[in-house]
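What's in target_13.cif: mmCIF, N, CA and C atoms
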```cif
data_data
loop_
_atom_site.label_atom_id
_atom_site.label_comp_id
_atom_site.auth_asym_id
_atom_site.auth_seq_id
_atom_site.Cartn_x
_atom_site.Cartn_y
_atom_site.Cartn_z
N MET A 9 -43.47 -15.36 60.38
CA MET A 9 -43.60 -14.02 59.84
C MET A 9 -43.92 -14.10 58.36
N SER A 10 -44.70 -13.15 57.93
CA SER A 10 -45.08 -13.12 56.51
C SER A 10 -44.58 -11.82 55.89
N ALA A 11 -44.64 -11.76 54.56
CA ALA A 11 -44.20 -10.57 53.83
C ALA A 11 -44.97 -9.34 54.30
N GLY A 12 -46.20 -9.50 54.70
CA GLY A 12 -47.00 -8.38 55.17
C GLY A 12 -46.50 -7.80 56.49
N ASP A 13 -45.70 -8.59 57.24
CA ASP A 13 -45.16 -8.13 58.51
C ASP A 13 -43.86 -7.34 58.35
N TYR A 14 -43.29 -7.42 57.17
CA TYR A 14 -41.99 -6.78 56.93
C TYR A 14 -42.14 -5.27 56.78
N ARG A 15 -41.40 -4.54 57.60
CA ARG A 15 -41.39 -3.09 57.53
C ARG A 15 -39.95 -2.65 57.32
N LEU A 16 -39.68 -2.09 56.16
CA LEU A 16 -38.31 -1.70 55.82
C LEU A 16 -37.71 -0.78 56.88
N ASP A 17 -38.47 0.20 57.33
CA ASP A 17 -37.92 1.17 58.27
C ASP A 17 -37.68 0.61 59.67
N GLU A 18 -37.92 -0.67 59.86
CA GLU A 18 -37.61 -1.34 61.12
C GLU A 18 -36.41 -2.28 60.98
N GLN A 19 -35.82 -2.35 59.80
CA GLN A 19 -34.74 -3.30 59.54
C GLN A 19 -33.37 -2.67 59.80
N ILE A 20 -32.50 -3.42 60.41
CA ILE A 20 -31.20 -2.91 60.84
C ILE A 20 -30.38 -2.37 59.67
N GLY A 21 -30.34 -3.05 58.56
CA GLY A 21 -29.57 -2.58 57.42
C GLY A 21 -30.04 -1.22 56.93
N PHE A 22 -31.35 -1.06 56.85
CA PHE A 22 -31.93 0.21 56.42
C PHE A 22 -31.60 1.32 57.41
N LEU A 23 -31.75 1.03 58.70
CA LEU A 23 -31.46 2.04 59.73
C LEU A 23 -29.97 2.40 59.76
N LEU A 24 -29.11 1.41 59.59
CA LEU A 24 -27.67 1.70 59.55
C LEU A 24 -27.31 2.55 58.33
N ARG A 25 -27.92 2.27 57.20
CA ARG A 25 -27.67 3.06 55.99
C ARG A 25 -28.12 4.49 56.19
N ARG A 26 -29.28 4.68 56.80
CA ARG A 26 -29.76 6.05 57.06
C ARG A 26 -28.84 6.77 58.03
N ALA A 27 -28.37 6.06 59.06
CA ALA A 27 -27.44 6.66 60.02
C ALA A 27 -26.13 7.03 59.32
N GLN A 28 -25.67 6.16 58.42
CA GLN A 28 -24.44 6.44 57.67
C GLN A 28 -24.62 7.65 56.76
N GLN A 29 -25.77 7.77 56.13
CA GLN A 29 -26.05 8.94 55.29
C GLN A 29 -26.01 10.21 56.11
N ARG A 30 -26.60 10.19 57.30
CA ARG A 30 -26.59 11.36 58.18
C ARG A 30 -25.17 11.67 58.62
N ALA A 31 -24.42 10.66 59.00
CA ALA A 31 -23.04 10.86 59.44
C ALA A 31 -22.19 11.45 58.31
N THR A 32 -22.37 10.95 57.11
CA THR A 32 -21.62 11.45 55.96
C THR A 32 -21.97 12.90 55.66
N ALA A 33 -23.25 13.24 55.74
CA ALA A 33 -23.67 14.62 55.49
C ALA A 33 -23.06 15.57 56.53
N ILE A 34 -23.06 15.16 57.78
CA ILE A 34 -22.47 15.98 58.84
C ILE A 34 -20.97 16.14 58.62
N PHE A 35 -20.29 15.03 58.30
CA PHE A 35 -18.86 15.08 58.03
C PHE A 35 -18.56 16.00 56.86
N THR A 36 -19.29 15.84 55.78
CA THR A 36 -19.06 16.62 54.57
C THR A 36 -19.21 18.12 54.84
N ALA A 37 -20.22 18.48 55.60
CA ALA A 37 -20.42 19.89 55.92
C ALA A 37 -19.26 20.44 56.77
N ARG A 38 -18.81 19.68 57.75
CA ARG A 38 -17.74 20.12 58.63
C ARG A 38 -16.38 20.15 57.94
N PHE A 39 -16.15 19.21 57.02
CA PHE A 39 -14.82 19.04 56.44
C PHE A 39 -14.68 19.65 55.05
N ALA A 40 -15.68 20.39 54.60
CA ALA A 40 -15.63 20.98 53.25
C ALA A 40 -14.36 21.80 53.03
N GLY A 41 -13.93 22.53 54.02
CA GLY A 41 -12.76 23.38 53.88
C GLY A 41 -11.44 22.64 53.84
N TYR A 42 -11.43 21.39 54.25
CA TYR A 42 -10.19 20.61 54.25
C TYR A 42 -10.00 19.83 52.95
N GLY A 43 -11.06 19.65 52.20
CA GLY A 43 -10.96 18.86 50.99
C GLY A 43 -10.69 17.39 51.25
N LEU A 44 -11.21 16.89 52.37
CA LEU A 44 -11.01 15.49 52.74
C LEU A 44 -12.33 14.74 52.77
N THR A 45 -12.30 13.53 52.26
CA THR A 45 -13.44 12.63 52.38
C THR A 45 -13.32 11.88 53.70
N PRO A 46 -14.40 11.23 54.14
CA PRO A 46 -14.29 10.42 55.36
C PRO A 46 -13.19 9.36 55.28
N THR A 47 -13.04 8.72 54.12
CA THR A 47 -12.01 7.69 54.00
C THR A 47 -10.61 8.29 54.04
N GLN A 48 -10.44 9.47 53.45
CA GLN A 48 -9.13 10.12 53.49
C GLN A 48 -8.77 10.56 54.91
N PHE A 49 -9.75 11.12 55.62
CA PHE A 49 -9.50 11.52 57.00
C PHE A 49 -9.16 10.29 57.85
N ALA A 50 -9.88 9.20 57.65
CA ALA A 50 -9.60 7.97 58.39
C ALA A 50 -8.18 7.49 58.13
N ALA A 51 -7.76 7.52 56.87
CA ALA A 51 -6.40 7.08 56.53
C ALA A 51 -5.36 7.98 57.19
N LEU A 52 -5.54 9.28 57.12
CA LEU A 52 -4.59 10.19 57.76
C LEU A 52 -4.51 9.95 59.26
N ALA A 53 -5.67 9.79 59.90
CA ALA A 53 -5.70 9.57 61.35
C ALA A 53 -5.00 8.27 61.72
N LYS A 54 -5.21 7.22 60.94
CA LYS A 54 -4.57 5.94 61.26
C LYS A 54 -3.07 5.98 60.98
N ILE A 55 -2.67 6.67 59.93
CA ILE A 55 -1.23 6.81 59.68
C ILE A 55 -0.60 7.56 60.85
N ALA A 56 -1.26 8.58 61.33
CA ALA A 56 -0.75 9.33 62.50
C ALA A 56 -0.65 8.40 63.71
N ASP A 57 -1.65 7.57 63.93
CA ASP A 57 -1.63 6.62 65.05
C ASP A 57 -0.44 5.66 64.95
N GLU A 58 -0.19 5.18 63.74
CA GLU A 58 0.81 4.14 63.53
C GLU A 58 2.22 4.70 63.34
N GLY A 59 2.32 5.94 62.92
CA GLY A 59 3.63 6.53 62.61
C GLY A 59 4.05 6.22 61.18
N GLU A 60 4.04 4.97 60.86
CA GLU A 60 4.31 4.50 59.50
C GLU A 60 3.59 3.16 59.37
N VAL A 61 2.98 2.95 58.23
CA VAL A 61 2.15 1.75 58.09
C VAL A 61 2.13 1.31 56.63
N SER A 62 2.08 0.01 56.41
CA SER A 62 1.97 -0.50 55.05
C SER A 62 0.58 -0.22 54.51
N GLN A 63 0.47 -0.16 53.20
CA GLN A 63 -0.82 0.10 52.59
C GLN A 63 -1.81 -1.01 52.92
N ASN A 64 -1.33 -2.23 52.93
CA ASN A 64 -2.20 -3.37 53.24
C ASN A 64 -2.75 -3.26 54.66
N ARG A 65 -1.89 -3.00 55.61
CA ARG A 65 -2.33 -2.87 57.01
C ARG A 65 -3.24 -1.65 57.18
N LEU A 66 -2.92 -0.55 56.51
CA LEU A 66 -3.76 0.63 56.58
C LEU A 66 -5.17 0.32 56.11
N GLY A 67 -5.28 -0.45 55.05
CA GLY A 67 -6.60 -0.87 54.57
C GLY A 67 -7.36 -1.66 55.61
N ARG A 68 -6.67 -2.57 56.27
CA ARG A 68 -7.32 -3.38 57.32
C ARG A 68 -7.73 -2.50 58.51
N LEU A 69 -6.86 -1.59 58.90
CA LEU A 69 -7.14 -0.73 60.05
C LEU A 69 -8.31 0.23 59.81
N THR A 70 -8.52 0.60 58.55
CA THR A 70 -9.59 1.55 58.21
C THR A 70 -10.78 0.88 57.55
N ALA A 71 -10.77 -0.44 57.49
CA ALA A 71 -11.87 -1.22 56.91
C ALA A 71 -12.13 -0.84 55.45
N MET A 72 -11.05 -0.70 54.67
CA MET A 72 -11.17 -0.41 53.24
C MET A 72 -10.59 -1.55 52.43
N ASP A 73 -11.26 -1.86 51.32
CA ASP A 73 -10.74 -2.89 50.43
C ASP A 73 -9.51 -2.35 49.72
N PRO A 74 -8.67 -3.23 49.15
CA PRO A 74 -7.42 -2.79 48.53
C PRO A 74 -7.59 -1.73 47.42
N ALA A 75 -8.60 -1.87 46.59
CA ALA A 75 -8.80 -0.89 45.50
C ALA A 75 -9.13 0.49 46.06
N THR A 76 -10.01 0.54 47.06
CA THR A 76 -10.36 1.81 47.68
C THR A 76 -9.15 2.41 48.37
N MET A 77 -8.41 1.58 49.09
CA MET A 77 -7.23 2.06 49.81
C MET A 77 -6.20 2.64 48.85
N LYS A 78 -6.01 1.99 47.72
CA LYS A 78 -5.07 2.48 46.71
C LYS A 78 -5.49 3.85 46.22
N GLY A 79 -6.77 4.03 45.93
CA GLY A 79 -7.27 5.32 45.48
C GLY A 79 -7.09 6.40 46.53
N VAL A 80 -7.34 6.05 47.79
CA VAL A 80 -7.19 7.01 48.88
C VAL A 80 -5.73 7.43 49.03
N THR A 81 -4.82 6.46 49.06
CA THR A 81 -3.41 6.80 49.23
C THR A 81 -2.88 7.56 48.01
N ASP A 82 -3.34 7.21 46.83
CA ASP A 82 -2.93 7.96 45.64
C ASP A 82 -3.32 9.43 45.76
N ARG A 83 -4.56 9.68 46.14
CA ARG A 83 -5.04 11.07 46.24
C ARG A 83 -4.32 11.84 47.36
N LEU A 84 -4.11 11.20 48.50
CA LEU A 84 -3.40 11.87 49.59
C LEU A 84 -1.95 12.14 49.23
N SER A 85 -1.34 11.22 48.52
CA SER A 85 0.03 11.39 48.08
C SER A 85 0.14 12.52 47.05
N GLU A 86 -0.80 12.56 46.11
CA GLU A 86 -0.81 13.62 45.10
C GLU A 86 -0.92 15.00 45.73
N ARG A 87 -1.62 15.09 46.85
CA ARG A 87 -1.77 16.36 47.57
C ARG A 87 -0.57 16.65 48.48
N GLY A 88 0.36 15.72 48.57
CA GLY A 88 1.54 15.91 49.40
C GLY A 88 1.28 15.74 50.89
N LEU A 89 0.20 15.05 51.23
CA LEU A 89 -0.17 14.86 52.63
C LEU A 89 0.47 13.61 53.25
N ILE A 90 0.81 12.65 52.40
CA ILE A 90 1.50 11.45 52.84
C ILE A 90 2.64 11.16 51.86
N ALA A 91 3.62 10.40 52.35
CA ALA A 91 4.75 10.02 51.50
C ALA A 91 5.01 8.53 51.66
N ALA A 92 5.48 7.93 50.60
CA ALA A 92 5.73 6.48 50.58
C ALA A 92 7.22 6.20 50.56
N ARG A 93 7.54 5.04 51.05
CA ARG A 93 8.89 4.50 50.87
C ARG A 93 8.75 2.98 50.78
N ALA A 94 9.69 2.37 50.11
CA ALA A 94 9.69 0.91 50.02
C ALA A 94 10.07 0.34 51.38
N ASP A 95 9.39 -0.71 51.78
CA ASP A 95 9.70 -1.40 53.03
C ASP A 95 11.10 -1.98 52.92
N GLN A 96 11.90 -1.83 53.96
CA GLN A 96 13.27 -2.33 53.93
C GLN A 96 13.35 -3.84 53.90
N GLU A 97 12.36 -4.51 54.47
CA GLU A 97 12.34 -5.97 54.52
C GLU A 97 11.67 -6.59 53.30
N ASP A 98 10.74 -5.87 52.69
CA ASP A 98 10.02 -6.38 51.52
C ASP A 98 9.80 -5.21 50.57
N ARG A 99 10.64 -5.09 49.56
CA ARG A 99 10.61 -3.95 48.64
C ARG A 99 9.30 -3.85 47.85
N ARG A 100 8.52 -4.91 47.84
CA ARG A 100 7.22 -4.86 47.15
C ARG A 100 6.18 -4.12 47.96
N ARG A 101 6.44 -3.98 49.25
CA ARG A 101 5.48 -3.36 50.15
C ARG A 101 5.80 -1.86 50.30
N THR A 102 4.73 -1.06 50.30
CA THR A 102 4.87 0.39 50.47
C THR A 102 4.53 0.76 51.90
N GLN A 103 5.37 1.58 52.49
CA GLN A 103 5.12 2.12 53.83
C GLN A 103 4.73 3.59 53.68
N TRP A 104 3.65 3.98 54.36
CA TRP A 104 3.16 5.36 54.28
C TRP A 104 3.39 6.08 55.59
N ARG A 105 3.71 7.37 55.49
CA ARG A 105 3.85 8.23 56.66
C ARG A 105 3.27 9.59 56.32
N LEU A 106 2.91 10.35 57.35
CA LEU A 106 2.43 11.71 57.13
C LEU A 106 3.60 12.60 56.75
N THR A 107 3.34 13.54 55.87
CA THR A 107 4.30 14.61 55.61
C THR A 107 4.01 15.73 56.61
N ASP A 108 4.86 16.73 56.64
CA ASP A 108 4.60 17.88 57.52
C ASP A 108 3.27 18.55 57.16
N PRO A 109 2.99 18.79 55.86
CA PRO A 109 1.68 19.37 55.53
C PRO A 109 0.52 18.46 55.93
N GLY A 110 0.70 17.14 55.81
CA GLY A 110 -0.35 16.20 56.21
C GLY A 110 -0.59 16.25 57.71
N ALA A 111 0.49 16.30 58.48
CA ALA A 111 0.36 16.38 59.94
C ALA A 111 -0.30 17.69 60.35
N ALA A 112 0.04 18.78 59.67
CA ALA A 112 -0.57 20.07 59.99
C ALA A 112 -2.06 20.08 59.66
N LEU A 113 -2.42 19.53 58.51
CA LEU A 113 -3.83 19.47 58.13
C LEU A 113 -4.61 18.62 59.12
N LEU A 114 -4.04 17.49 59.47
CA LEU A 114 -4.71 16.60 60.41
C LEU A 114 -4.87 17.27 61.77
N ALA A 115 -3.85 17.93 62.24
CA ALA A 115 -3.94 18.62 63.54
C ALA A 115 -5.06 19.66 63.51
N ALA A 116 -5.18 20.37 62.41
CA ALA A 116 -6.24 21.37 62.28
C ALA A 116 -7.62 20.72 62.22
N ALA A 117 -7.71 19.53 61.66
CA ALA A 117 -9.00 18.87 61.43
C ALA A 117 -9.51 18.08 62.63
N TYR A 118 -8.64 17.72 63.57
CA TYR A 118 -9.08 16.90 64.70
C TYR A 118 -10.26 17.52 65.45
N GLY A 119 -10.23 18.81 65.68
CA GLY A 119 -11.33 19.46 66.39
C GLY A 119 -12.65 19.27 65.67
N ASP A 120 -12.62 19.37 64.35
CA ASP A 120 -13.84 19.14 63.58
C ASP A 120 -14.24 17.67 63.61
N GLY A 121 -13.27 16.78 63.70
CA GLY A 121 -13.58 15.36 63.85
C GLY A 121 -14.36 15.09 65.13
N PHE A 122 -13.91 15.71 66.22
CA PHE A 122 -14.65 15.59 67.48
C PHE A 122 -16.04 16.20 67.36
N ALA A 123 -16.13 17.33 66.66
CA ALA A 123 -17.42 18.00 66.49
C ALA A 123 -18.39 17.15 65.67
N VAL A 124 -17.88 16.44 64.66
CA VAL A 124 -18.72 15.54 63.86
C VAL A 124 -19.32 14.47 64.76
N THR A 125 -18.48 13.85 65.57
CA THR A 125 -18.96 12.81 66.48
C THR A 125 -20.02 13.36 67.42
N ALA A 126 -19.76 14.52 67.99
CA ALA A 126 -20.71 15.13 68.92
C ALA A 126 -22.05 15.42 68.23
N GLU A 127 -21.99 15.93 67.01
CA GLU A 127 -23.23 16.25 66.30
C GLU A 127 -24.01 14.98 65.92
N ILE A 128 -23.30 13.96 65.52
CA ILE A 128 -23.97 12.70 65.17
C ILE A 128 -24.68 12.13 66.38
N LEU A 129 -24.02 12.18 67.52
CA LEU A 129 -24.58 11.59 68.74
C LEU A 129 -25.49 12.54 69.53
N ASP A 130 -25.65 13.77 69.07
CA ASP A 130 -26.41 14.78 69.78
C ASP A 130 -27.83 14.35 70.19
N PRO A 131 -28.56 13.59 69.35
CA PRO A 131 -29.91 13.21 69.76
C PRO A 131 -29.95 12.25 70.96
N LEU A 132 -28.82 11.70 71.35
CA LEU A 132 -28.77 10.71 72.42
C LEU A 132 -28.30 11.33 73.73
N SER A 133 -28.79 10.78 74.83
CA SER A 133 -28.30 11.20 76.14
C SER A 133 -26.88 10.63 76.32
N PRO A 134 -26.12 11.14 77.29
CA PRO A 134 -24.78 10.58 77.52
C PRO A 134 -24.80 9.07 77.77
N ARG A 135 -25.77 8.60 78.50
CA ARG A 135 -25.86 7.16 78.77
C ARG A 135 -26.19 6.38 77.48
N GLU A 136 -27.11 6.93 76.69
CA GLU A 136 -27.46 6.29 75.42
C GLU A 136 -26.26 6.27 74.48
N ARG A 137 -25.48 7.32 74.47
CA ARG A 137 -24.28 7.38 73.61
C ARG A 137 -23.33 6.25 73.96
N ALA A 138 -23.06 6.08 75.24
CA ALA A 138 -22.14 5.03 75.68
C ALA A 138 -22.67 3.66 75.30
N THR A 139 -23.95 3.44 75.51
CA THR A 139 -24.56 2.16 75.16
C THR A 139 -24.52 1.93 73.65
N PHE A 140 -24.89 2.95 72.89
CA PHE A 140 -24.90 2.86 71.43
C PHE A 140 -23.52 2.51 70.90
N LEU A 141 -22.50 3.21 71.36
CA LEU A 141 -21.13 2.95 70.88
C LEU A 141 -20.67 1.55 71.27
N ARG A 142 -21.00 1.14 72.48
CA ARG A 142 -20.61 -0.21 72.93
C ARG A 142 -21.29 -1.27 72.06
N LEU A 143 -22.56 -1.08 71.77
CA LEU A 143 -23.28 -2.05 70.94
C LEU A 143 -22.79 -2.05 69.50
N LEU A 144 -22.48 -0.88 68.94
CA LEU A 144 -21.91 -0.83 67.59
C LEU A 144 -20.60 -1.60 67.52
N GLU A 145 -19.74 -1.37 68.51
CA GLU A 145 -18.47 -2.11 68.54
C GLU A 145 -18.70 -3.61 68.60
N LYS A 146 -19.71 -4.01 69.30
CA LYS A 146 -20.01 -5.44 69.46
C LYS A 146 -20.41 -6.10 68.14
N ILE A 147 -21.12 -5.35 67.27
CA ILE A 147 -21.58 -5.96 66.02
C ILE A 147 -20.65 -5.72 64.84
N THR A 148 -19.58 -4.97 65.05
CA THR A 148 -18.64 -4.75 63.94
C THR A 148 -17.43 -5.65 64.01
#
```
Kindly present the structure from the file in structure tokens form.
Amino acid sequence: MSAGDYRLDEQIGFLLRRAQQRATAIFTARFAGYGLTPTQFAALAKIADEGEVSQNRLGRLTAMDPATMKGVTDRLSERGLIAARADQEDRRRTQWRLTDPGAALLAAAYGDGFAVTAEILDPLSPRERATFLRLLEKIT
């Protein structure tokens, strides 16, 4: 292959970035009223799944680096959506849980979360959706 054969719009990284931009735009439009970013929603959803989770594990579960995770938990905590406590076994570790307002906000937002997924996948047939999601999981 030569440089003349290279087409940016055929490259996986470029296509994934464009898909991510579309997904973010759809999320932002749907979630404007909640004041949540995609990373904040992901953190709330994972905390709900886990019940209580360390900041380090939360970062791994949501695929966020430590600095990003710290910023996300700081902002959610400032809004009173999550609360921290020192881990009983390791006082250096912070455990996060949803507060009542955080659980209420998340419960209200789940429907829009499903709607975001549906809108992102709308151009695909049901069979294509299943294949697409299976293949994405395989490469992540």
Asp57 (chain A) environment, 12 Å, only C-alpha atoms, sequence neighbours closer than 2 positions dropped, as a PyMOL selection string:
chain A and resi 50-55+59-61+66+69-70+104-106+111+114
Have a look at A:Ala11, A:Thr107, A:Ile128, A:Pro74 and name the one nearest to Gln28 (chain A); count only C-alpha atoms.
A:Ile128
Two-atom distance - atom C of Ser133 (chain A), atom N of Glu145 (chain A) (Å):
16.0 Å
Nearest residue to Ser62 (chain A) from the set A:Gly88, A:Gln103, A:Gly41, A:Gly119 (distances using all atoms listed in the file)
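Of A:Gly88, A:Gln103, A:Gly41, A:Gly119, the one nearest Ser62 (chain A) is A:Gln103, counting all atoms listed in the file.
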Chain A: which residues are helix (DSSP H, G or I) by DSSP, as a ChimeraX atom specification?
/A:11-13,16-18,20-42,46-58,63-69,74-86,108-129,134-147
Once the PyMOL selection byres (((chain A and resi 77 and name CA) around 9) and name CA) is applied to the coordinates I shared, what remains selected? I want it as a list in words.
Thr47, Ala51, Gln63, Asn64, Leu66, Gly67, Thr70, Met72, Asp73, Pro74, Ala75, Thr76, Lys78, Gly79, Val80, Thr81 and Asp82 of chain A
Residues matched by the PyMOL selection byres (((chain A and resi 124 and name CA) around 12) and name CA), written as a ChimeraX atom specification:
/A:30-39,46,117-123,125-130
Considering only C-alpha atoms, state which residue in the set A:Phe22, A:Thr102, A:Ala138, A:Leu143 is at the smallest distance from Arg65 (chain A).
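Smallest separation from Arg65 (chain A) among the options: A:Thr102.
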Quick one: residues within 8 Å of Pro109 (chain A), all atoms listed in the file, excluding same-chain residues fewer than 4 positions away - as a PyMOL selection string?
chain A and resi 87-90+113-115
Run DSSP on the backbone of this structure and report the residues of chain A it assigns to strand (DSSP E), as a list in words.
Val61, Ser62, Ile90, Ala91, Ala92, Arg93, Ala94, Thr102, Gln103, Trp104, Arg105 and Leu106 of chain A
Distance CA of Ile147 (chain A)-CA of Ala71 (chain A), one decimal place?
14.1 Å
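Distance-wise, atom C of Leu44 (chain A) and atom C of Glu58 (chain A) end up 20.6 Å apart.
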Would you mind completing region 115-124 of chain A to all heavy atoms and writing the output as a short mmCIF file (atom, residue, chain, number, x, y, z; two decimals), in the frame of the given file?
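Saved the output as part-v3.cif:
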```cif
data_model
loop_
_atom_site.label_atom_id
_atom_site.label_comp_id
_atom_site.auth_asym_id
_atom_site.auth_seq_id
_atom_site.Cartn_x
_atom_site.Cartn_y
_atom_site.Cartn_z
N ALA A 115 -3.85 17.93 62.24
CA ALA A 115 -3.94 18.62 63.54
C ALA A 115 -5.06 19.66 63.51
O ALA A 115 -5.81 19.80 64.49
CB ALA A 115 -2.60 19.27 63.88
N ALA A 116 -5.18 20.37 62.41
CA ALA A 116 -6.24 21.37 62.28
C ALA A 116 -7.62 20.72 62.22
O ALA A 116 -8.60 21.29 62.70
CB ALA A 116 -6.01 22.22 61.03
N ALA A 117 -7.71 19.53 61.66
CA ALA A 117 -9.00 18.87 61.43
C ALA A 117 -9.51 18.08 62.63
O ALA A 117 -10.70 17.78 62.71
CB ALA A 117 -8.89 17.94 60.22
N TYR A 118 -8.64 17.72 63.57
CA TYR A 118 -9.08 16.90 64.70
C TYR A 118 -10.26 17.52 65.45
O TYR A 118 -11.19 16.82 65.84
CB TYR A 118 -7.94 16.63 65.69
CG TYR A 118 -7.06 15.48 65.33
CD1 TYR A 118 -5.68 15.60 65.41
CD2 TYR A 118 -7.59 14.24 64.94
CE1 TYR A 118 -4.85 14.53 65.10
CE2 TYR A 118 -6.76 13.17 64.62
CZ TYR A 118 -5.39 13.33 64.70
OH TYR A 118 -4.58 12.27 64.39
N GLY A 119 -10.23 18.81 65.68
CA GLY A 119 -11.33 19.46 66.39
C GLY A 119 -12.65 19.27 65.67
O GLY A 119 -13.69 19.01 66.31
N ASP A 120 -12.62 19.37 64.35
CA ASP A 120 -13.84 19.14 63.58
C ASP A 120 -14.24 17.67 63.61
O ASP A 120 -15.42 17.34 63.55
CB ASP A 120 -13.68 19.64 62.15
CG ASP A 120 -13.74 21.16 62.09
OD1 ASP A 120 -14.78 21.71 62.51
OD2 ASP A 120 -12.77 21.78 61.64
N GLY A 121 -13.27 16.78 63.70
CA GLY A 121 -13.58 15.36 63.85
C GLY A 121 -14.36 15.09 65.13
O GLY A 121 -15.36 14.36 65.13
N PHE A 122 -13.91 15.71 66.22
CA PHE A 122 -14.65 15.59 67.48
C PHE A 122 -16.04 16.20 67.36
O PHE A 122 -17.02 15.66 67.88
CB PHE A 122 -13.89 16.25 68.63
CG PHE A 122 -12.70 15.47 69.11
CD1 PHE A 122 -11.42 16.02 69.01
CD2 PHE A 122 -12.84 14.22 69.68
CE1 PHE A 122 -10.31 15.31 69.46
CE2 PHE A 122 -11.74 13.51 70.13
CZ PHE A 122 -10.46 14.05 70.02
N ALA A 123 -16.13 17.33 66.66
CA ALA A 123 -17.42 18.00 66.49
C ALA A 123 -18.39 17.15 65.67
O ALA A 123 -19.59 17.13 65.95
CB ALA A 123 -17.23 19.36 65.83
N VAL A 124 -17.88 16.44 64.66
CA VAL A 124 -18.72 15.54 63.86
C VAL A 124 -19.32 14.47 64.76
O VAL A 124 -20.52 14.20 64.72
CB VAL A 124 -17.92 14.91 62.70
CG1 VAL A 124 -18.67 13.74 62.08
CG2 VAL A 124 -17.59 15.96 61.64
#
```
